[in-house]
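Notes to accompany the following structure.
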Amino acid sequence: MSRSARLVPVAAGALALQLVLTACDGGVHGTPGGSGVHDPYFPKAGNGGYDVTHYDLTLSYAPDTHRLTGKAVITARATEDLSAFDLDLKGLDVEDVTVEGKDARVNRTGQELTVRPHDDLDKGETFSTTVRYSGIPKKITDPDGSEEGWLRTADGALALGEPTGSMAWFPGNDHPSDKATYDIAVTVPKGLQAVSNGELTSERTTGGRTTFTWHTAQPMATYVATVAIGHYDITRYSTKSGLPVYVAVDPKQTGASRKVLAKIPEIMEWEEYNFGPYPFSSTGAIVDRPEDVEYALETQNRPVFPGAPDTGTLVHELAHQWYGDSVTPKSWRDMWLNEGFATYAEWLWEEDHGGDTVQQTFDAVYDGDHFDNADQAKAVWAYPPAKPSGAAHISDSPVYERGAMVLQKIRQKVGDDTFYDIIQGWAAAHRHGNADTAQFTAYVEKMAPDKDFDAIWEDWLYGNGKPDHRS
């Protein structure tokens with residue numbers, strides 16, 4: 001994959017050398033955890049040898065100097081005997097690292113922060129790692145040219161992580177296969193807000209600075225963690241079912257966003273009816289300026305939007321709370337399980353609200369009439385949804401539209417009753433977990449054992465090119 005070059009700060013390199021020379025030697029008899037989990041598109045993402053259970057992040061940001069100061073306390077369980085393990089962190093200076101309260105040796109190579117604890121870690125052991133770090137966080141350019149990481153905005157910053165951007169602002173196991181709970185405390189100059197995932201548990205102002213503390217009790221992948229810092233108009237209320245809603249909108253977008261964001265309760269009720277119980281303890285949205293961010297993202301609990309979204313986009317990102325955020329792909333190869341489902345939610349909303357039926361939308365995509373030009377119509381057939389052609393293409397049209405077409409083919413095959421049993425059951429069976437395409441196809445076959453799905457899998461899910469039949 002294409003990467004922007006990382007400049008290793010002199011201070012970080014000197015500190016690593018100093019720690020290697022001065023840390024006390026302990027008895028280490030395990031083996032180093034892997035650097036990367038061998039994701040087919042991002043092989044250096046994530047790390048082997050441990051599973052994170054909780055991140056406790058304490059952050060302080062100064063928008064005038066763009067400097068971020070952080071302390072990350074990472075609680076994890078060793079999945080093998082470890083003499084060392086890696087964390088993903090890109091571009092920030094590491095000041096010190098401890099494991100179980102003892103100084104640890106560290107080394108930096110690219111995005112890998114290798115930690116060698118004073119004492120070896122036994123398989124099954126729960127351990128705590130504390131990393132203190134600071135610097136000017138960077139944005140990361142993805143293989144497809146989009147930008148993520150720590151994005152400067154007109155009045156603050158916005159942290160976005162898909163697929164590998166979280167390592168720009170905190171050290172962690174940056175791969176969707178490792179989910180954890182979070183506490184995130186962000187201190188900013190008084191007058192600014194800091195919005196994150198989960199629920200706001202405290203807001204305290206001291207000495208001209210305000211600390212916002214957020215708690216996420218349900219497991220969350222690193223790529224859907226967020227922090228939004230700036231001036232926001234905040235709206236808080238509860239839906240009829242009692243679900244808390246927290247909406248933060250840049251004041252320049254308040255007027256344009258008001259009408260569509262007022263649909264959140266209606267959309268949530270509709271999605272719960274179609275997809276099953278909502279998997280999280282709050283919902284909402286973050287709306288920033290279009291010039292600050294170029295795309296919407298399904299950040300957990302409250303998706304981020306580049307300006308006022310249209311209804312379809314709001315439906316799409318909220319549907320991701322079930323498909324993507326709660327049921328999270330095991331690897332980036334399985335992106336269609338996120339985007340195909342969320343795109344299908346858009347089509348289904350239209351069908352249920354006086355627009356085209358899902359089958360009419362399917363036919364328009366197949367015929368090319370759904371798109372603005374011939375190139376877009378052709379692009380949907382560039383590769384199978386379950387086999388993106390490379391890291392630069394995991395968010396291309398085949399993953400979205402053709403992924404949704406796979407679901408419609410299943411619906412045609414099994415009928416509405418079984419289809420809704422499948423999509424609701426899938427969300428329930430893997431709630432707060434990870435799953436891949438092979439598990440999905442096996443689940444569908446289990447739910448409809450009298451049906452033959454081979455043609456759907458071969459032609460629509462895994463097959464190259466445009467199938468020569470639409471039915």
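By order of appearance in the structure tokens: chains A, B, ..., then residues from 1 within every chain, and ligands from 1 in the order shown.
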Spatial neighbours of segment 290-305 of chain A, 10 Å, only C-alpha atoms, chain gap at least 6 places, as an MDAnalysis selection string: chainID A and resid 146:148 151:162 195:199 216 218:228 245:249 253 279:284 313:314 316:326 338
Spatial neighbours of segment 268-271 of chain A, max dist 9 Å, only C-alpha atoms, sep filter under 5 positions, as a PyMOL selection string: chain A and resi 239-241+263+276-278+283+315+318-319+345+349
Restricting it to C-alpha atoms, dump the selection as a JSON list (two decimals), in the first residue's frame.
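And here is the file that came out, again.json:
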[["chain", "number", "residue", "atom", "x", "y", "z"],
["A", 239, "THR", "CA", -36.07, 9.00, 21.40],
["A", 240, "LYS", "CA", -39.49, 7.61, 22.29],
["A", 241, "SER", "CA", -37.79, 4.37, 23.35],
["A", 263, "LYS", "CA", -35.18, 12.48, 11.24],
["A", 276, "GLY", "CA", -33.09, -5.71, 15.20],
["A", 277, "PRO", "CA", -32.32, -4.05, 18.55],
["A", 278, "TYR", "CA", -29.89, -1.14, 18.39],
["A", 283, "THR", "CA", -26.79, 7.62, 18.98],
["A", 315, "VAL", "CA", -29.67, 6.22, 6.81],
["A", 318, "LEU", "CA", -26.66, 4.89, 11.01],
["A", 319, "ALA", "CA", -27.15, 1.42, 9.47],
["A", 345, "ALA", "CA", -30.38, 0.07, 3.86],
["A", 349, "TRP", "CA", -35.51, 3.12, 2.98]]
Pick from A:Asp436, A:Asn464, A:Pro309, A:Asp416, whichever lies nearest to Pro385 of chain A using only C-alpha atoms: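 That would be A:Asn464, the residue with the smallest distance to Pro385 of chain A.
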Residue nearest Pro40 of chain A - candidates A:Leu243, A:Ala455, A:Ala427, A:Met335, atoms counted: only C-alpha atoms: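 Smallest separation from Pro40 of chain A among the options: A:Met335.
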Who sits within 8 Å of Gly124 of chain A, only C-alpha atoms, same chain under 4 positions skipped, as a PyMOL selection string: chain A and resi 77-80
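In this structure, atom CA of Tyr462 of chain A sits 26.3 Å away from atom CA of Gly46 of chain A.
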